[in-house]
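Visitor: Please read through the structure below; I'll follow up with questions.
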Amino acid sequence: MKKTACKDCGLVIEIESFDATHQYSCPRCKSVFYRPGESFDLVLMMAISAFLFFIPTLFLPILTLTIMGQSHSVTLLEAVLFFFHDGYYVIAIIASSVGVFIPLVLLFMIMMLIIPAKIGKPIRKLKGLFRYYEHLLPWSMAEVYLVSIFVAIVKLAGMATLKLDVGLVLFVFFLLSYYVTVTWFNAEDLWNHYDELED
Amino acid sequence: MMNWKTDISEGKVLCLICEELHDLEEVQCRRCSASISQRKPSSISQTWAYVLAATLFLIPANLMPMMVVTSMGTDEGSTIMEGVIYFLAHKEYGLGLIIFVASVAVPIFKLSVIYFLLLIIAFKQKEKAKLGLKLFHIIHCIGKWSMLDIFVVALMVSMVQFQGLATIQTGAAAISFCGAVIFTIIASEKFDPRLMFDK
């Protein structure tokens, strides 16, 4: 038995026998209010692998550019830090936070939420963290950042000779596994799991 | 017209963070301790404010140069539309289309949808609520993609730095476009679609 209300139209919904493996949508406005997620083990594994892909990208070069014999390679960390030298603070902060840092923070939060559930500890202290997760979600734009890297590469190809480096490949893997983690993670399941733990 | 049981008619409050249903007198979610209210507080006036701010920011964003390329001592600024034309002229039709959709079509579409939703509430057009909700879901999915051009500019600025040969700087449009996108996202976060369905 599950009693909830639709987030989008306010309809009160009662489900006699709730089955967590099915998708449920609101009878009035047809928007989906429950979508089953993957198992927490799988999500945790994806989150950890995303982290492992990310750490080396900070230090490995993502691109090498050559213009008239002068070559210059950039790591992700340099790409982010460069802006701060040049005074484009606002755009630097916005682009690097929504493209890289917020996705990282979200990954970290997912791990912090799932690991206690696995060990079987209640999460009273982490409740605040969970609230931030929901608020941060619309600000994570990792997938947009991924496409923008390719657009930038095509644009640069016209001005300079480009060599793609291993850092870029790892960064693509990071963004892909991040994206999979976030789509597989179902926060509502986690709450139901904790409810069962506390009962 | 059928009469639906809504959270207002039943005297219930839904927590938007963890989707637990509460009785009307509660102000804090007993599961995730987020503060709860039946409808998002001052949703309409805040949405109006942010959507108007976003509209104002969009005007300079389209008229001023997005980035300035300095090569061999000459400065060349290009606006968003000039960027699109650059790709079309170089027979990169796919990328030209992506940039056009992401930075011209999507922002304008998003803003007009939010205006439409606000007008549905202002004129109490309850029968348009379902259409409005569908559009609201669409802008939620595509909203992030308007940051694409900002990321491209940010990446190019940090990658192309060859003193004396070629440098790229961000133009005035980048910051106002950023502002427009951010205010649009805040506006759609502040908007409460349930208000369209209420009597």
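Letters A, B, ... go to the chains of the structure tokens in the order shown; residues in each chain start at 1; ligands are counted from 1 in the same order.
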For Leu63 in chain A, please output as a VMD selection string all residues within 9 Å (counting only C-alpha atoms; exclusion window: fewer than 2 positions along the same chain).

Guide: (chain A and resid 61 65 72 to 75 162 to 168) or (chain B and resid 159)

Visitor: Write down as a PyMOL selection string the residues of range 69-141 of chain A whose backbone DSSP state falls under helix (DSSP H, G or I).

Guide: chain A and resi 76-86+89-119+124-139

Visitor: Leu107 in chain A: which residues within 12 Å, counting only C-alpha atoms, same-chain residues fewer than 2 positions away excluded, as a VMD selection string?

Guide: chain A and resid 43 to 52 54 100 to 105 109 to 114 133 136 to 137 140 142 174 to 175 177 to 183 185

Visitor: Point out the residue among B:Thr74, B:Tyr50, B:Ile150, B:Val101 with the least atom-to-atom distance to Gly171 in chain B, counting only C-alpha atoms.

Guide: B:Ile150

Visitor: Could you list, as an mmCIF file with N, CA, C and O atoms, in the first residue's frame, every residue of chain B that has an atom within 6 Å of an atom of chain A, counting only C-alpha atoms?

Guide:
data_model
loop_
_atom_site.group_PDB
_atom_site.id
_atom_site.type_symbol
_atom_site.label_atom_id
_atom_site.label_comp_id
_atom_site.auth_asym_id
_atom_site.auth_seq_id
_atom_site.Cartn_x
_atom_site.Cartn_y
_atom_site.Cartn_z
ATOM 1 N N LYS B 5 -9.597 13.805 -6.469
ATOM 2 C CA LYS B 5 -9.126 14.044 -5.099
ATOM 3 C C LYS B 5 -7.730 14.632 -5.185
ATOM 4 O O LYS B 5 -6.791 13.952 -5.628
ATOM 5 N N THR B 6 -7.566 15.883 -4.797
ATOM 6 C CA THR B 6 -6.224 16.459 -4.853
ATOM 7 C C THR B 6 -5.692 16.672 -3.446
ATOM 8 O O THR B 6 -6.426 16.497 -2.470
ATOM 9 N N ASP B 7 -4.421 17.057 -3.365
ATOM 10 C CA ASP B 7 -3.836 17.292 -2.046
ATOM 11 C C ASP B 7 -4.544 18.437 -1.326
ATOM 12 O O ASP B 7 -4.615 18.444 -0.102
ATOM 13 N N LEU B 21 3.924 11.862 1.847
ATOM 14 C CA LEU B 21 2.690 12.646 1.996
ATOM 15 C C LEU B 21 2.420 12.944 3.473
ATOM 16 O O LEU B 21 2.509 12.048 4.307
ATOM 17 N N CYS B 32 12.623 13.441 5.533
ATOM 18 C CA CYS B 32 13.908 14.026 5.125
ATOM 19 C C CYS B 32 14.144 15.402 5.737
ATOM 20 O O CYS B 32 15.101 16.080 5.397
ATOM 21 N N TRP B 145 20.793 22.208 -22.571
ATOM 22 C CA TRP B 145 21.571 22.249 -23.802
ATOM 23 C C TRP B 145 21.880 23.651 -24.270
ATOM 24 O O TRP B 145 22.746 23.843 -25.114
ATOM 25 N N LEU B 148 25.516 24.937 -24.140
ATOM 26 C CA LEU B 148 26.526 24.373 -25.046
ATOM 27 C C LEU B 148 27.508 25.408 -25.569
ATOM 28 O O LEU B 148 28.723 25.224 -25.497
ATOM 29 N N PHE B 151 30.050 26.671 -23.069
ATOM 30 C CA PHE B 151 31.124 25.713 -22.826
ATOM 31 C C PHE B 151 32.131 25.730 -23.969
ATOM 32 O O PHE B 151 33.342 25.668 -23.734
ATOM 33 N N VAL B 152 31.621 25.793 -25.205
ATOM 34 C CA VAL B 152 32.518 25.798 -26.356
ATOM 35 C C VAL B 152 33.456 27.001 -26.260
ATOM 36 O O VAL B 152 34.673 26.877 -26.398
ATOM 37 N N SER B 158 40.430 28.658 -23.235
ATOM 38 C CA SER B 158 41.515 28.087 -22.441
ATOM 39 C C SER B 158 42.489 27.287 -23.284
ATOM 40 O O SER B 158 43.633 27.095 -22.898
ATOM 41 N N PRO B 193 3.889 23.488 -11.368
ATOM 42 C CA PRO B 193 2.875 23.131 -12.371
ATOM 43 C C PRO B 193 1.514 22.794 -11.766
ATOM 44 O O PRO B 193 0.496 22.875 -12.458
ATOM 45 N N ARG B 194 1.497 22.442 -10.469
ATOM 46 C CA ARG B 194 0.211 22.088 -9.857
ATOM 47 C C ARG B 194 -0.755 23.266 -9.825
ATOM 48 O O ARG B 194 -1.959 23.083 -9.796
ATOM 49 N N PHE B 197 -3.466 23.234 -12.394
ATOM 50 C CA PHE B 197 -4.571 22.293 -12.235
ATOM 51 C C PHE B 197 -5.528 22.708 -11.115
ATOM 52 O O PHE B 197 -6.621 22.175 -11.018
#

Visitor: One decimal, in Å: what's the spacing between CA of Ala172 in chain B and CA of Met64 in chain B?

Guide: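 Taking CA of Ala172 in chain B and CA of Met64 in chain B, their separation equals 6.1 Å.
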
Visitor: DSSP on the backbone: what in range 55-193 of chain A comes out strand (DSSP E), as number ranges by chain?

Guide: A: 61-67, 70-75, 161-164

Visitor: Filtering to C-alpha atoms, could you give me those residues as a JSON list (two decimals), in the first residue's frame?

Guide:
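Below you can see again.json, which holds the result:
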[["chain", "number", "residue", "atom", "x", "y", "z"],
["A", 61, "PRO", "CA", 46.79, 16.25, -21.33],
["A", 62, "ILE", "CA", 43.44, 16.33, -23.13],
["A", 63, "LEU", "CA", 44.63, 18.04, -26.31],
["A", 64, "THR", "CA", 47.79, 19.18, -28.05],
["A", 65, "LEU", "CA", 47.48, 22.14, -30.38],
["A", 66, "THR", "CA", 50.07, 23.16, -32.95],
["A", 67, "ILE", "CA", 50.08, 26.49, -34.75],
["A", 70, "GLN", "CA", 54.41, 26.17, -31.72],
["A", 71, "SER", "CA", 52.69, 23.45, -29.75],
["A", 72, "HIS", "CA", 50.76, 23.63, -26.54],
["A", 73, "SER", "CA", 49.05, 20.85, -24.59],
["A", 74, "VAL", "CA", 46.29, 21.37, -22.07],
["A", 75, "THR", "CA", 45.17, 19.30, -19.10],
["A", 161, "THR", "CA", 46.74, 21.10, -35.98],
["A", 162, "LEU", "CA", 45.14, 19.03, -33.28],
["A", 163, "LYS", "CA", 46.23, 15.89, -31.53],
["A", 164, "LEU", "CA", 43.74, 14.28, -29.17]]

Visitor: Near range 52-58 of chain B, within 9 Å and counting only C-alpha atoms, which residues show up once chain neighbours fewer than 6 positions away are dropped, as a list in words?

Guide: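 With the cut-off at 9 Å, the set is Pro107, Ile108, Leu111, Ala173, Ser176, Phe177, Cys178, Gly179, Ala180, Val181, Ile182, Phe183, Thr184 and Ala187 of chain B.
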
Visitor: Output the selection as a PDB file, in the first residue's frame - N, CA, C and O atoms for each residue.

Guide:
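Dumped everything to result28.pdb:
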ATOM      1  N   PRO B 107      16.659  28.606 -26.153  1.00  0.00           N
ATOM      2  CA  PRO B 107      16.364  29.663 -25.184  1.00  0.00           C
ATOM      3  C   PRO B 107      15.061  30.404 -25.475  1.00  0.00           C
ATOM      4  O   PRO B 107      14.288  30.670 -24.547  1.00  0.00           O
ATOM      5  N   ILE B 108      14.801  30.676 -26.759  1.00  0.00           N
ATOM      6  CA  ILE B 108      13.569  31.395 -27.081  1.00  0.00           C
ATOM      7  C   ILE B 108      12.356  30.509 -26.803  1.00  0.00           C
ATOM      8  O   ILE B 108      11.372  30.949 -26.205  1.00  0.00           O
ATOM      9  N   LEU B 111      11.720  30.309 -22.970  1.00  0.00           N
ATOM     10  CA  LEU B 111      11.107  31.502 -22.403  1.00  0.00           C
ATOM     11  C   LEU B 111       9.647  31.595 -22.816  1.00  0.00           C
ATOM     12  O   LEU B 111       8.780  31.894 -21.993  1.00  0.00           O
ATOM     13  N   ALA B 173      28.785  39.005 -24.953  1.00  0.00           N
ATOM     14  CA  ALA B 173      27.568  38.199 -25.039  1.00  0.00           C
ATOM     15  C   ALA B 173      27.650  36.966 -24.156  1.00  0.00           C
ATOM     16  O   ALA B 173      26.634  36.496 -23.660  1.00  0.00           O
ATOM     17  N   SER B 176      26.211  37.607 -20.715  1.00  0.00           N
ATOM     18  CA  SER B 176      24.766  37.851 -20.663  1.00  0.00           C
ATOM     19  C   SER B 176      23.994  36.607 -21.085  1.00  0.00           C
ATOM     20  O   SER B 176      22.892  36.348 -20.579  1.00  0.00           O
ATOM     21  N   PHE B 177      24.584  35.815 -21.988  1.00  0.00           N
ATOM     22  CA  PHE B 177      23.924  34.566 -22.375  1.00  0.00           C
ATOM     23  C   PHE B 177      23.877  33.605 -21.186  1.00  0.00           C
ATOM     24  O   PHE B 177      22.857  32.977 -20.924  1.00  0.00           O
ATOM     25  N   CYS B 178      24.989  33.536 -20.472  1.00  0.00           N
ATOM     26  CA  CYS B 178      25.046  32.754 -19.237  1.00  0.00           C
ATOM     27  C   CYS B 178      23.931  33.169 -18.277  1.00  0.00           C
ATOM     28  O   CYS B 178      23.225  32.324 -17.730  1.00  0.00           O
ATOM     29  N   GLY B 179      23.811  34.489 -18.097  1.00  0.00           N
ATOM     30  CA  GLY B 179      22.775  35.007 -17.212  1.00  0.00           C
ATOM     31  C   GLY B 179      21.399  34.583 -17.675  1.00  0.00           C
ATOM     32  O   GLY B 179      20.572  34.137 -16.865  1.00  0.00           O
ATOM     33  N   ALA B 180      21.158  34.691 -18.986  1.00  0.00           N
ATOM     34  CA  ALA B 180      19.849  34.325 -19.524  1.00  0.00           C
ATOM     35  C   ALA B 180      19.541  32.856 -19.243  1.00  0.00           C
ATOM     36  O   ALA B 180      18.449  32.516 -18.783  1.00  0.00           O
ATOM     37  N   VAL B 181      20.522  31.980 -19.488  1.00  0.00           N
ATOM     38  CA  VAL B 181      20.290  30.544 -19.287  1.00  0.00           C
ATOM     39  C   VAL B 181      20.034  30.244 -17.815  1.00  0.00           C
ATOM     40  O   VAL B 181      19.098  29.522 -17.459  1.00  0.00           O
ATOM     41  N   ILE B 182      20.863  30.841 -16.946  1.00  0.00           N
ATOM     42  CA  ILE B 182      20.719  30.554 -15.517  1.00  0.00           C
ATOM     43  C   ILE B 182      19.371  31.045 -14.982  1.00  0.00           C
ATOM     44  O   ILE B 182      18.662  30.323 -14.281  1.00  0.00           O
ATOM     45  N   PHE B 183      18.976  32.265 -15.382  1.00  0.00           N
ATOM     46  CA  PHE B 183      17.684  32.771 -14.904  1.00  0.00           C
ATOM     47  C   PHE B 183      16.529  31.937 -15.445  1.00  0.00           C
ATOM     48  O   PHE B 183      15.523  31.748 -14.756  1.00  0.00           O
ATOM     49  N   THR B 184      16.671  31.425 -16.681  1.00  0.00           N
ATOM     50  CA  THR B 184      15.593  30.579 -17.209  1.00  0.00           C
ATOM     51  C   THR B 184      15.475  29.292 -16.403  1.00  0.00           C
ATOM     52  O   THR B 184      14.364  28.838 -16.108  1.00  0.00           O
ATOM     53  N   ALA B 187      13.844  30.102 -13.168  1.00  0.00           N
ATOM     54  CA  ALA B 187      12.409  30.351 -13.373  1.00  0.00           C
ATOM     55  C   ALA B 187      11.653  29.035 -13.470  1.00  0.00           C
ATOM     56  O   ALA B 187      10.592  28.882 -12.841  1.00  0.00           O
TER      57      ALA B 187
END
